[in-house]
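protein.cif, holding mmCIF, C-alpha atoms:
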```cif
data_target
loop_
_atom_site.group_PDB
_atom_site.id
_atom_site.type_symbol
_atom_site.label_atom_id
_atom_site.label_comp_id
_atom_site.auth_asym_id
_atom_site.auth_seq_id
_atom_site.Cartn_x
_atom_site.Cartn_y
_atom_site.Cartn_z
ATOM 1 C CA MET A 15 22.836 72.374 -16.930
ATOM 2 C CA SER A 16 20.695 75.143 -18.421
ATOM 3 C CA THR A 17 20.241 75.548 -22.184
ATOM 4 C CA ASN A 18 22.230 78.793 -22.089
ATOM 5 C CA SER A 19 25.225 77.165 -20.429
ATOM 6 C CA LEU A 20 25.131 74.386 -23.060
ATOM 7 C CA TRP A 21 25.427 76.955 -25.881
ATOM 8 C CA ALA A 22 28.530 78.369 -24.176
ATOM 9 C CA TYR A 23 30.386 75.342 -25.617
ATOM 10 C CA ALA A 24 29.792 76.770 -29.094
ATOM 11 C CA ASN A 25 32.696 79.052 -28.189
ATOM 12 C CA PRO A 26 35.786 77.198 -29.519
ATOM 13 C CA LYS A 27 38.062 78.425 -26.693
ATOM 14 C CA LYS A 28 35.619 77.307 -24.005
ATOM 15 C CA PHE A 29 35.134 73.971 -25.814
ATOM 16 C CA ILE A 30 38.895 73.316 -26.003
ATOM 17 C CA ALA A 31 39.403 74.281 -22.335
ATOM 18 C CA THR A 32 36.639 71.861 -21.303
ATOM 19 C CA VAL A 33 38.011 69.058 -23.487
ATOM 20 C CA ASP A 34 41.479 69.550 -21.986
ATOM 21 C CA LYS A 35 39.912 69.081 -18.544
ATOM 22 C CA VAL A 36 37.602 66.088 -19.143
ATOM 23 C CA LEU A 37 39.389 64.081 -21.848
ATOM 24 C CA PRO A 38 41.925 62.261 -19.597
ATOM 25 C CA ALA A 39 39.200 60.999 -17.241
ATOM 26 C CA ILE A 40 36.910 59.878 -20.088
ATOM 27 C CA SER A 41 39.824 58.113 -21.837
ATOM 28 C CA VAL A 42 40.832 56.215 -18.688
ATOM 29 C CA LEU A 43 37.186 55.192 -18.054
ATOM 30 C CA ALA A 44 36.863 54.037 -21.675
ATOM 31 C CA VAL A 45 39.972 51.843 -21.453
ATOM 32 C CA VAL A 46 38.884 50.369 -18.100
ATOM 33 C CA CYS A 47 35.360 49.532 -19.356
ATOM 34 C CA LEU A 48 36.671 48.091 -22.635
ATOM 35 C CA VAL A 49 39.274 45.905 -20.930
ATOM 36 C CA VAL A 50 36.847 44.701 -18.231
ATOM 37 C CA GLY A 51 34.002 44.074 -20.704
ATOM 38 C CA LEU A 52 36.100 42.258 -23.302
ATOM 39 C CA VAL A 53 38.188 40.224 -20.828
ATOM 40 C CA TRP A 54 35.036 39.248 -18.881
ATOM 41 C CA GLY A 55 33.229 38.308 -22.082
ATOM 42 C CA PHE A 56 36.117 36.470 -23.706
ATOM 43 C CA PHE A 57 37.581 34.580 -20.744
ATOM 44 C CA PHE A 58 34.808 34.227 -18.172
ATOM 45 C CA THR A 59 31.562 33.483 -20.018
ATOM 46 C CA PRO A 60 30.381 30.037 -21.143
ATOM 47 C CA ASP A 61 29.701 28.950 -24.729
ATOM 48 C CA ASP A 62 26.165 29.267 -26.061
ATOM 49 C CA TYR A 63 24.330 25.933 -26.450
ATOM 50 C CA ARG A 64 23.601 26.660 -30.135
ATOM 51 C CA GLN A 65 26.339 29.047 -31.283
ATOM 52 C CA GLY A 66 29.220 27.580 -29.287
ATOM 53 C CA SER A 67 32.171 29.906 -28.617
ATOM 54 C CA THR A 68 31.177 32.258 -31.481
ATOM 55 C CA VAL A 69 28.853 33.943 -28.975
ATOM 56 C CA LYS A 70 31.979 35.753 -27.689
ATOM 57 C CA ILE A 71 31.877 37.895 -30.839
ATOM 58 C CA ILE A 72 28.768 39.583 -29.397
ATOM 59 C CA TYR A 73 30.994 41.777 -27.152
ATOM 60 C CA LEU A 74 32.441 43.444 -30.262
ATOM 61 C CA HIS A 75 29.649 43.119 -32.797
ATOM 62 C CA VAL A 76 26.728 44.558 -30.812
ATOM 63 C CA PRO A 77 28.569 47.581 -29.294
ATOM 64 C CA SER A 78 30.177 48.517 -32.630
ATOM 65 C CA ALA A 79 26.855 48.220 -34.498
ATOM 66 C CA LEU A 80 25.173 50.319 -31.811
ATOM 67 C CA MET A 81 27.857 53.005 -32.100
ATOM 68 C CA ALA A 82 27.765 52.923 -35.919
ATOM 69 C CA ILE A 83 24.108 53.982 -35.817
ATOM 70 C CA ASN A 84 24.391 56.347 -32.853
ATOM 71 C CA ALA A 85 27.448 58.090 -34.303
ATOM 72 C CA TRP A 86 25.348 58.997 -37.347
ATOM 73 C CA LEU A 87 22.509 60.192 -35.087
ATOM 74 C CA MET A 88 25.005 62.358 -33.175
ATOM 75 C CA MET A 89 26.198 63.754 -36.539
ATOM 76 C CA LEU A 90 22.553 64.411 -37.452
ATOM 77 C CA ILE A 91 21.954 66.454 -34.276
ATOM 78 C CA ALA A 92 25.215 68.375 -34.792
ATOM 79 C CA SER A 93 24.291 69.013 -38.449
ATOM 80 C CA ILE A 94 20.845 70.331 -37.509
ATOM 81 C CA ILE A 95 22.476 72.663 -34.946
ATOM 82 C CA TRP A 96 24.806 73.900 -37.700
ATOM 83 C CA ILE A 97 21.906 74.466 -40.129
ATOM 84 C CA VAL A 98 19.757 76.263 -37.539
ATOM 85 C CA ARG A 99 22.291 78.148 -35.379
ATOM 86 C CA ARG A 100 25.483 78.223 -37.504
ATOM 87 C CA HIS A 101 27.775 77.148 -34.644
ATOM 88 C CA HIS A 102 31.080 76.067 -36.187
ATOM 89 C CA VAL A 103 31.917 73.728 -33.321
ATOM 90 C CA SER A 104 28.820 71.622 -34.045
ATOM 91 C CA ALA A 105 29.728 71.263 -37.745
ATOM 92 C CA LEU A 106 33.290 70.329 -36.790
ATOM 93 C CA ALA A 107 32.007 67.823 -34.205
ATOM 94 C CA ALA A 108 29.971 66.115 -36.936
ATOM 95 C CA ARG A 109 33.055 66.041 -39.164
ATOM 96 C CA ALA A 110 35.138 64.637 -36.289
ATOM 97 C CA ALA A 111 32.628 61.862 -35.551
ATOM 98 C CA ALA A 112 32.476 60.498 -39.115
ATOM 99 C CA PRO A 113 35.817 58.587 -39.162
ATOM 100 C CA VAL A 114 34.946 57.082 -35.767
ATOM 101 C CA GLY A 115 31.531 56.068 -37.111
ATOM 102 C CA VAL A 116 32.993 54.533 -40.256
ATOM 103 C CA VAL A 117 35.397 52.376 -38.223
ATOM 104 C CA MET A 118 32.522 51.250 -35.966
ATOM 105 C CA THR A 119 30.485 50.330 -39.060
ATOM 106 C CA LEU A 120 33.439 48.458 -40.538
ATOM 107 C CA ILE A 121 33.925 46.487 -37.299
ATOM 108 C CA ALA A 122 30.194 45.647 -37.215
ATOM 109 C CA LEU A 123 30.260 44.489 -40.858
ATOM 110 C CA ALA A 124 33.515 42.511 -40.478
ATOM 111 C CA THR A 125 32.571 40.773 -37.219
ATOM 112 C CA GLY A 126 29.090 40.109 -38.631
ATOM 113 C CA ALA A 127 30.556 38.443 -41.718
ATOM 114 C CA ILE A 128 33.052 36.407 -39.670
ATOM 115 C CA TRP A 129 30.258 35.343 -37.279
ATOM 116 C CA GLY A 130 27.799 34.695 -40.107
ATOM 117 C CA GLN A 131 30.027 32.279 -42.000
ATOM 118 C CA PRO A 132 29.837 29.351 -39.519
ATOM 119 C CA MET A 133 26.302 30.180 -38.306
ATOM 120 C CA TRP A 134 24.525 30.921 -41.603
ATOM 121 C CA GLY A 135 26.942 29.200 -43.964
ATOM 122 C CA THR A 136 27.731 32.443 -45.777
ATOM 123 C CA TRP A 137 29.843 35.572 -45.239
ATOM 124 C CA TRP A 138 27.195 37.826 -46.676
ATOM 125 C CA ALA A 139 23.485 37.865 -47.535
ATOM 126 C CA TRP A 140 21.355 40.655 -48.990
ATOM 127 C CA ASP A 141 19.390 40.699 -45.782
ATOM 128 C CA PRO A 142 17.559 43.971 -44.875
ATOM 129 C CA ARG A 143 19.759 44.786 -41.862
ATOM 130 C CA LEU A 144 23.046 43.838 -43.541
ATOM 131 C CA THR A 145 22.181 45.754 -46.697
ATOM 132 C CA SER A 146 21.122 48.905 -44.826
ATOM 133 C CA PHE A 147 24.369 48.705 -42.823
ATOM 134 C CA LEU A 148 26.396 48.480 -46.014
ATOM 135 C CA ILE A 149 24.576 51.539 -47.394
ATOM 136 C CA LEU A 150 25.234 53.366 -44.096
ATOM 137 C CA PHE A 151 28.947 52.524 -44.522
ATOM 138 C CA LEU A 152 28.886 54.003 -48.046
ATOM 139 C CA PHE A 153 27.152 57.128 -46.702
ATOM 140 C CA TYR A 154 29.948 57.517 -44.143
ATOM 141 C CA LEU A 155 32.560 57.302 -46.915
ATOM 142 C CA GLY A 156 30.627 59.810 -49.037
ATOM 143 C CA TYR A 157 30.272 62.182 -46.077
ATOM 144 C CA ILE A 158 34.035 62.095 -45.343
ATOM 145 C CA ALA A 159 34.882 62.505 -49.050
ATOM 146 C CA LEU A 160 32.545 65.524 -49.342
ATOM 147 C CA TRP A 161 34.240 67.299 -46.418
ATOM 148 C CA GLU A 162 37.649 66.674 -48.016
ATOM 149 C CA ALA A 163 36.527 67.742 -51.487
ATOM 150 C CA ILE A 164 35.256 71.248 -50.636
ATOM 151 C CA GLU A 165 37.740 73.938 -49.715
ATOM 152 C CA ASN A 166 35.354 76.406 -48.090
ATOM 153 C CA ASP A 167 34.520 75.144 -44.590
ATOM 154 C CA ASP A 168 31.040 76.714 -44.420
ATOM 155 C CA THR A 169 29.988 75.346 -47.817
ATOM 156 C CA ALA A 170 31.337 71.914 -46.851
ATOM 157 C CA ALA A 171 29.394 72.058 -43.583
ATOM 158 C CA ASP A 172 26.186 73.017 -45.449
ATOM 159 C CA LEU A 173 26.453 70.224 -48.029
ATOM 160 C CA THR A 174 27.559 67.523 -45.581
ATOM 161 C CA SER A 175 24.676 68.483 -43.263
ATOM 162 C CA ILE A 176 22.209 67.823 -46.081
ATOM 163 C CA LEU A 177 23.922 64.518 -46.858
ATOM 164 C CA CYS A 178 23.705 63.628 -43.168
ATOM 165 C CA LEU A 179 19.937 64.300 -43.162
ATOM 166 C CA VAL A 180 19.466 61.990 -46.161
ATOM 167 C CA GLY A 181 21.728 59.282 -44.694
ATOM 168 C CA SER A 182 19.720 59.276 -41.466
ATOM 169 C CA VAL A 183 17.053 57.238 -43.240
ATOM 170 C CA PHE A 184 19.575 54.411 -43.596
ATOM 171 C CA ALA A 185 20.851 54.830 -40.028
ATOM 172 C CA LEU A 186 17.268 54.300 -38.825
ATOM 173 C CA LEU A 187 16.719 51.457 -41.299
ATOM 174 C CA SER A 188 19.878 49.742 -39.969
ATOM 175 C CA ARG A 189 18.310 49.788 -36.519
ATOM 176 C CA TYR A 190 14.729 48.883 -37.384
ATOM 177 C CA ALA A 191 15.032 46.908 -40.643
ATOM 178 C CA VAL A 192 14.516 43.594 -38.852
ATOM 179 C CA ASN A 193 11.223 44.897 -37.445
ATOM 180 C CA PHE A 194 9.911 46.094 -40.833
ATOM 181 C CA TRP A 195 10.677 42.975 -42.840
ATOM 182 C CA ASN A 196 10.113 39.461 -41.570
ATOM 183 C CA GLN A 197 12.734 38.120 -43.923
ATOM 184 C CA GLY A 198 16.474 37.800 -43.851
ATOM 185 C CA LEU A 199 18.978 35.918 -41.734
ATOM 186 C CA HIS A 200 19.725 38.467 -39.037
ATOM 187 C CA GLN A 201 17.953 37.862 -35.734
ATOM 188 C CA GLY A 202 16.159 40.572 -33.726
ATOM 189 C CA ALA A 203 17.797 42.955 -31.274
ATOM 190 C CA SER A 204 20.115 41.420 -28.643
ATOM 191 C CA LEU A 205 19.177 44.103 -26.128
ATOM 192 C CA SER A 206 15.677 45.182 -25.249
ATOM 193 C CA LEU A 207 13.798 46.954 -22.471
ATOM 194 C CA ASP A 208 11.751 43.746 -22.297
ATOM 195 C CA LYS A 209 13.867 41.426 -20.122
ATOM 196 C CA GLU A 210 12.361 38.346 -21.814
ATOM 197 C CA GLU A 211 13.846 39.370 -25.166
ATOM 198 C CA ASN A 212 17.359 40.069 -23.848
ATOM 199 C CA VAL A 213 20.279 37.704 -24.159
ATOM 200 C CA ALA A 214 20.836 35.543 -21.037
ATOM 201 C CA ASP A 215 22.194 37.367 -17.964
ATOM 202 C CA VAL A 216 25.545 35.570 -18.170
ATOM 203 C CA PHE A 217 26.179 37.298 -21.532
ATOM 204 C CA TYR A 218 24.156 40.440 -20.779
ATOM 205 C CA HIS A 219 26.277 41.931 -17.971
ATOM 206 C CA PRO A 220 29.693 41.826 -19.707
ATOM 207 C CA LEU A 221 27.942 43.049 -22.857
ATOM 208 C CA LEU A 222 26.681 46.129 -20.982
ATOM 209 C CA VAL A 223 30.212 46.889 -19.727
ATOM 210 C CA SER A 224 31.585 46.459 -23.244
ATOM 211 C CA ILE A 225 28.905 48.794 -24.636
ATOM 212 C CA ALA A 226 29.814 51.377 -21.960
ATOM 213 C CA GLY A 227 33.443 51.059 -23.107
ATOM 214 C CA PHE A 228 32.541 51.643 -26.755
ATOM 215 C CA VAL A 229 30.338 54.643 -25.861
ATOM 216 C CA LEU A 230 33.115 56.209 -23.763
ATOM 217 C CA LEU A 231 35.736 55.477 -26.447
ATOM 218 C CA PHE A 232 33.494 57.132 -29.035
ATOM 219 C CA LEU A 233 33.029 60.161 -26.756
ATOM 220 C CA ALA A 234 36.765 60.439 -26.070
ATOM 221 C CA LEU A 235 37.679 60.172 -29.758
ATOM 222 C CA VAL A 236 35.020 62.666 -30.865
ATOM 223 C CA LEU A 237 36.158 65.214 -28.252
ATOM 224 C CA LEU A 238 39.811 64.706 -29.236
ATOM 225 C CA ARG A 239 39.087 64.938 -32.959
ATOM 226 C CA THR A 240 36.754 67.947 -32.583
ATOM 227 C CA ARG A 241 39.515 69.798 -30.722
ATOM 228 C CA THR A 242 41.855 68.915 -33.603
ATOM 229 C CA GLU A 243 39.344 70.133 -36.204
ATOM 230 C CA ILE A 244 38.901 73.455 -34.333
ATOM 231 C CA ARG A 245 42.672 73.966 -34.342
ATOM 232 C CA ALA A 246 42.949 72.952 -38.015
ATOM 233 C CA ARG A 247 40.208 75.451 -38.915
ATOM 234 C CA ARG A 248 42.026 78.243 -37.053
ATOM 235 C CA MET A 249 45.235 77.262 -38.833
ATOM 236 C CA ARG A 250 43.530 77.491 -42.250
ATOM 237 C CA ALA A 251 42.099 80.905 -41.329
ATOM 238 C CA LEU A 252 45.525 82.241 -40.241
ATOM 239 C CA LEU A 253 47.189 80.919 -43.402
ATOM 240 C CA ALA A 254 44.475 82.488 -45.577
ATOM 241 C CA ARG A 255 44.887 85.846 -43.772
ATOM 242 C CA GLU A 256 48.651 85.671 -44.240
ATOM 243 C CA ARG A 257 48.293 84.925 -47.968
ATOM 244 C CA MET A 258 45.972 87.922 -48.417
ATOM 245 C CA GLY A 259 48.072 90.447 -46.751
ATOM 246 C CA MET B 6 44.219 30.778 -19.154
ATOM 247 C CA MET B 7 43.065 30.724 -22.790
ATOM 248 C CA PRO B 8 39.466 29.449 -22.975
ATOM 249 C CA ASP B 9 38.748 26.397 -25.121
ATOM 250 C CA LEU B 10 37.135 27.895 -28.221
ATOM 251 C CA GLY B 11 36.692 24.504 -29.873
ATOM 252 C CA LYS B 12 36.139 24.313 -33.627
ATOM 253 C CA TYR B 13 35.307 28.045 -33.795
ATOM 254 C CA ALA B 14 38.698 29.215 -32.463
ATOM 255 C CA ASP B 15 39.749 30.765 -35.809
ATOM 256 C CA THR B 16 36.389 32.523 -36.170
ATOM 257 C CA VAL B 17 36.435 34.079 -32.694
ATOM 258 C CA LEU B 18 40.116 35.016 -32.725
ATOM 259 C CA SER B 19 39.950 36.593 -36.184
ATOM 260 C CA ALA B 20 36.910 38.694 -35.137
ATOM 261 C CA TYR B 21 38.827 39.969 -32.100
ATOM 262 C CA ALA B 22 42.020 40.562 -34.096
ATOM 263 C CA VAL B 23 40.278 42.568 -36.846
ATOM 264 C CA SER B 24 38.321 44.678 -34.344
ATOM 265 C CA LEU B 25 41.220 45.435 -32.015
ATOM 266 C CA VAL B 26 43.543 46.335 -34.901
ATOM 267 C CA LEU B 27 40.932 48.720 -36.372
ATOM 268 C CA LEU B 28 40.299 50.351 -32.974
ATOM 269 C CA ALA B 29 44.033 50.702 -32.294
ATOM 270 C CA LEU B 30 44.605 52.268 -35.741
ATOM 271 C CA LEU B 31 41.780 54.748 -35.154
ATOM 272 C CA VAL B 32 43.219 55.808 -31.783
ATOM 273 C CA VAL B 33 46.797 56.104 -33.107
ATOM 274 C CA VAL B 34 45.776 58.102 -36.205
ATOM 275 C CA SER B 35 43.594 60.433 -34.093
ATOM 276 C CA LEU B 36 46.373 61.063 -31.541
ATOM 277 C CA ARG B 37 49.061 61.617 -34.177
ATOM 278 C CA ARG B 38 46.926 64.096 -36.131
ATOM 279 C CA SER B 39 46.030 65.907 -32.893
ATOM 280 C CA ARG B 40 49.707 66.352 -31.986
ATOM 281 C CA ARG B 41 50.714 67.400 -35.516
ATOM 282 C CA VAL B 42 47.933 69.989 -35.894
ATOM 283 C CA LYS B 43 48.642 71.430 -32.429
ATOM 284 C CA ALA B 44 52.355 71.839 -33.254
ATOM 285 C CA ASP B 45 51.615 73.342 -36.697
ATOM 286 C CA LEU B 46 49.122 75.829 -35.236
ATOM 287 C CA GLU B 47 51.580 76.925 -32.545
ATOM 288 C CA ALA B 48 54.262 77.470 -35.200
ATOM 289 C CA ILE B 49 51.912 79.591 -37.346
ATOM 290 C CA GLU B 50 50.673 81.606 -34.326
ATOM 291 C CA ASN B 51 54.262 82.337 -33.313
ATOM 292 C CA LYS B 52 55.115 83.409 -36.855
ATOM 293 C CA VAL B 53 52.060 85.707 -36.997
ATOM 294 C CA LYS B 54 53.039 87.256 -33.646
ATOM 295 C CA ARG B 55 56.646 87.722 -34.827
ATOM 296 C CA ASP B 56 55.604 89.324 -38.115
ATOM 297 C CA GLY B 57 53.121 91.559 -36.339
#
```
Rendering of file as structure tokens:
Amino acid sequence: MSTNSLWAYANPKKFIATVDKVLPAISVLAVVCLVVGLVWGFFFTPDDYRQGSTVKIIYLHVPSALMAINAWLMMLIASIIWIVRRHHVSALAARAAAPVGVVMTLIALATGAIWGQPMWGTWWAWDPRLTSFLILFLFYLGYIALWEAIENDDTAADLTSILCLVGSVFALLSRYAVNFWNQGLHQGASLSLDKEENVADVFYHPLLVSIAGFVLLFLALVLLRTRTEIRARRMRALLARERMG
Amino acid sequence: MMPDLGKYADTVLSAYAVSLVLLALLVVVSLRRSRRVKADLEAIENKVKRDG
């Protein structure tokens, strides 16, 4: 796909037509991967020799944490496109991704707390990764609130884009905090390009399928919600025109 | 069919319950808003066409 053909999707009509075409297939794939990954992980993997059956939480915790960070990075790219090229679809895509990102962050925090209680003896610790995730969650809430608080769409897109740039520091910290500070309860990454550092193969393969499911679900929801935001924006424009004349 | 989760059964099941409920809510809210906005937009477009 050339760069020029990619920019064609900045046209709302072309974007909606494409979403109408691809959304059913992506949604079906997402459901299949999620069901296969979670059923495989829950029913057909052994207990861990140290963590017992709590290891099964990995199939929810790791994919949701991954998507919490990557959703913000997607919003960052969309915000930069808005700032540089003023394409409304990119600003609306960032807006559409935020509620999906906040739910992913909430799942990561909740499953982390539930998992942490029997393993660490506490629901919560002011550990670098946990704390940066909590701040990322608050940034998501602030981002959504800012969009809702400003009536003019372009002004809202400008201000939320700046907030997104600032929040990116915490999105990156959430990912790399455990590498910066050798303190805290949270262990290192569960997935790595270095095979030695990965979780054991018996957990790794269903985890990959579950991650694919979360990625596809995120994609499906962002496409669906962006299409909704484009329609809502057109509706606001028509209502404003009607009021004026 | 249900695997033996041992002493951590409550922990594992509550993690799955919380996550699946949140995901289901997100999907339902997104679909409902999509349908409502589409219907509202169609109604406004028809009204604009009618009124010229």
Which is closest to Phe58 of chain A among A:Met118, A:Ala159, A:Ala111, A:Val216, if we use all atoms listed in the file? A:Val216
One decimal, Å: what's the distance from atom CA of Thr145 of chain A over to atom CA of Ala185 of chain A, could you say?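 If I compute the distance from atom CA of Thr145 of chain A to atom CA of Ala185 of chain A, I get 11.3 Å.
Atom CA of Leu237 of chain A is positioned 18.1 Å from atom CA of Ile83 of chain A.
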Output the contact residues of chain B with respect to chain A at a cut-off of 9 Å, based on all atoms listed in the file, as a VMD selection string. chain B and resid 6 to 14 16 to 21 23 to 24 27 to 28 31 to 32 35 to 36 38 to 40 42 to 43 45 to 47 49 to 50 53
Quick one: write out the picked residues with C-alpha atoms as a CSV table (one decimal), in the coordinates of the input?
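Result went into selection_21.csv, see below:
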```csv
chain,number,residue,atom,x,y,z
B,6,MET,CA,44.2,30.8,-19.2
B,7,MET,CA,43.1,30.7,-22.8
B,8,PRO,CA,39.5,29.4,-23.0
B,9,ASP,CA,38.7,26.4,-25.1
B,10,LEU,CA,37.1,27.9,-28.2
B,11,GLY,CA,36.7,24.5,-29.9
B,12,LYS,CA,36.1,24.3,-33.6
B,13,TYR,CA,35.3,28.0,-33.8
B,14,ALA,CA,38.7,29.2,-32.5
B,16,THR,CA,36.4,32.5,-36.2
B,17,VAL,CA,36.4,34.1,-32.7
B,18,LEU,CA,40.1,35.0,-32.7
B,19,SER,CA,40.0,36.6,-36.2
B,20,ALA,CA,36.9,38.7,-35.1
B,21,TYR,CA,38.8,40.0,-32.1
B,23,VAL,CA,40.3,42.6,-36.8
B,24,SER,CA,38.3,44.7,-34.3
B,27,LEU,CA,40.9,48.7,-36.4
B,28,LEU,CA,40.3,50.4,-33.0
B,31,LEU,CA,41.8,54.7,-35.2
B,32,VAL,CA,43.2,55.8,-31.8
B,35,SER,CA,43.6,60.4,-34.1
B,36,LEU,CA,46.4,61.1,-31.5
B,38,ARG,CA,46.9,64.1,-36.1
B,39,SER,CA,46.0,65.9,-32.9
B,40,ARG,CA,49.7,66.4,-32.0
B,42,VAL,CA,47.9,70.0,-35.9
B,43,LYS,CA,48.6,71.4,-32.4
B,45,ASP,CA,51.6,73.3,-36.7
B,46,LEU,CA,49.1,75.8,-35.2
B,47,GLU,CA,51.6,76.9,-32.5
B,49,ILE,CA,51.9,79.6,-37.3
B,50,GLU,CA,50.7,81.6,-34.3
B,53,VAL,CA,52.1,85.7,-37.0
```
Here atom CA of Met81 of chain A and atom CA of Val223 of chain A stand apart by 14.0 Å
Quick one: residues within 10 Å of (31.3, 66.1, -42.9) (file frame), counting all atoms listed in the file, please, as a VMD selection string. chain A and resid 89 93 105 to 113 154 to 162 167 170 to 178
Nearest to Leu144 of chain A, chosen from A:Arg64, A:His219, A:Lys28, A:Arg189, with only C-alpha atoms counted in the distances: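 Ranked by minimum distance to Leu144 of chain A, first place goes to A:Arg189.
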Kindly compute an axis-aligned box around the listed atoms of segment 9-23 of chain B, allowing 8 Å on each side, and express its centre and edge lengths in Å to one decimal as AutoDock Vina command-line options.
```
--center_x 38.7 --center_y 33.4 --center_z -31.0 --size_x 22.7 --size_y 34.3 --size_z 27.7
```
For Leu187 of chain A, find every residue with an atom within 8 Å (counting only C-alpha atoms), except residues of its own chain fewer than 3 positions away, and show them as an NGL selection string. :A and (143 or 146 or 183-184 or 190-191)
Need a file for segment 24-68 of chain A from that block: C-alpha atoms, written as a PDB file, in the first residue's frame.
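Saved as result21.pdb:
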```pdb
ATOM      1  CA  ALA A  24      -8.688  10.382   5.695  1.00  0.00           C
ATOM      2  CA  ASN A  25     -11.823  10.771   3.578  1.00  0.00           C
ATOM      3  CA  PRO A  26     -14.686   9.898   5.984  1.00  0.00           C
ATOM      4  CA  LYS A  27     -16.853   8.319   3.249  1.00  0.00           C
ATOM      5  CA  LYS A  28     -14.019   6.087   2.049  1.00  0.00           C
ATOM      6  CA  PHE A  29     -13.177   5.188   5.672  1.00  0.00           C
ATOM      7  CA  ILE A  30     -16.785   4.200   6.459  1.00  0.00           C
ATOM      8  CA  ALA A  31     -17.093   2.162   3.235  1.00  0.00           C
ATOM      9  CA  THR A  32     -13.891   0.278   4.105  1.00  0.00           C
ATOM     10  CA  VAL A  33     -14.995  -0.327   7.702  1.00  0.00           C
ATOM     11  CA  ASP A  34     -18.340  -1.681   6.475  1.00  0.00           C
ATOM     12  CA  LYS A  35     -16.400  -4.162   4.330  1.00  0.00           C
ATOM     13  CA  VAL A  36     -13.706  -5.360   6.771  1.00  0.00           C
ATOM     14  CA  LEU A  37     -15.395  -5.127  10.182  1.00  0.00           C
ATOM     15  CA  PRO A  38     -17.381  -8.420  10.038  1.00  0.00           C
ATOM     16  CA  ALA A  39     -14.279 -10.463   9.159  1.00  0.00           C
ATOM     17  CA  ILE A  40     -12.117  -8.793  11.833  1.00  0.00           C
ATOM     18  CA  SER A  41     -14.862  -9.276  14.460  1.00  0.00           C
ATOM     19  CA  VAL A  42     -15.251 -12.986  13.669  1.00  0.00           C
ATOM     20  CA  LEU A  43     -11.444 -13.478  13.776  1.00  0.00           C
ATOM     21  CA  ALA A  44     -11.283 -11.636  17.112  1.00  0.00           C
ATOM     22  CA  VAL A  45     -13.964 -13.846  18.679  1.00  0.00           C
ATOM     23  CA  VAL A  46     -12.341 -17.035  17.337  1.00  0.00           C
ATOM     24  CA  CYS A  47      -8.863 -16.080  18.637  1.00  0.00           C
ATOM     25  CA  LEU A  48     -10.229 -14.969  22.020  1.00  0.00           C
ATOM     26  CA  VAL A  49     -12.274 -18.135  22.521  1.00  0.00           C
ATOM     27  CA  VAL A  50      -9.442 -20.436  21.377  1.00  0.00           C
ATOM     28  CA  GLY A  51      -6.780 -18.596  23.410  1.00  0.00           C
ATOM     29  CA  LEU A  52      -8.794 -18.365  26.625  1.00  0.00           C
ATOM     30  CA  VAL A  53     -10.285 -21.881  26.455  1.00  0.00           C
ATOM     31  CA  TRP A  54      -6.848 -23.363  25.637  1.00  0.00           C
ATOM     32  CA  GLY A  55      -5.223 -21.406  28.453  1.00  0.00           C
ATOM     33  CA  PHE A  56      -7.919 -22.023  31.042  1.00  0.00           C
ATOM     34  CA  PHE A  57      -8.774 -25.675  30.399  1.00  0.00           C
ATOM     35  CA  PHE A  58      -5.750 -27.244  28.718  1.00  0.00           C
ATOM     36  CA  THR A  59      -2.615 -25.857  30.376  1.00  0.00           C
ATOM     37  CA  PRO A  60      -1.008 -27.193  33.564  1.00  0.00           C
ATOM     38  CA  ASP A  61      -0.503 -25.265  36.810  1.00  0.00           C
ATOM     39  CA  ASP A  62       2.794 -23.469  37.336  1.00  0.00           C
ATOM     40  CA  TYR A  63       5.095 -25.134  39.899  1.00  0.00           C
ATOM     41  CA  ARG A  64       5.348 -21.892  41.915  1.00  0.00           C
ATOM     42  CA  GLN A  65       2.166 -19.943  41.147  1.00  0.00           C
ATOM     43  CA  GLY A  66      -0.241 -22.876  40.946  1.00  0.00           C
ATOM     44  CA  SER A  67      -3.450 -22.297  38.963  1.00  0.00           C
ATOM     45  CA  THR A  68      -3.122 -18.484  39.232  1.00  0.00           C
TER      46      THR A  68
END
```
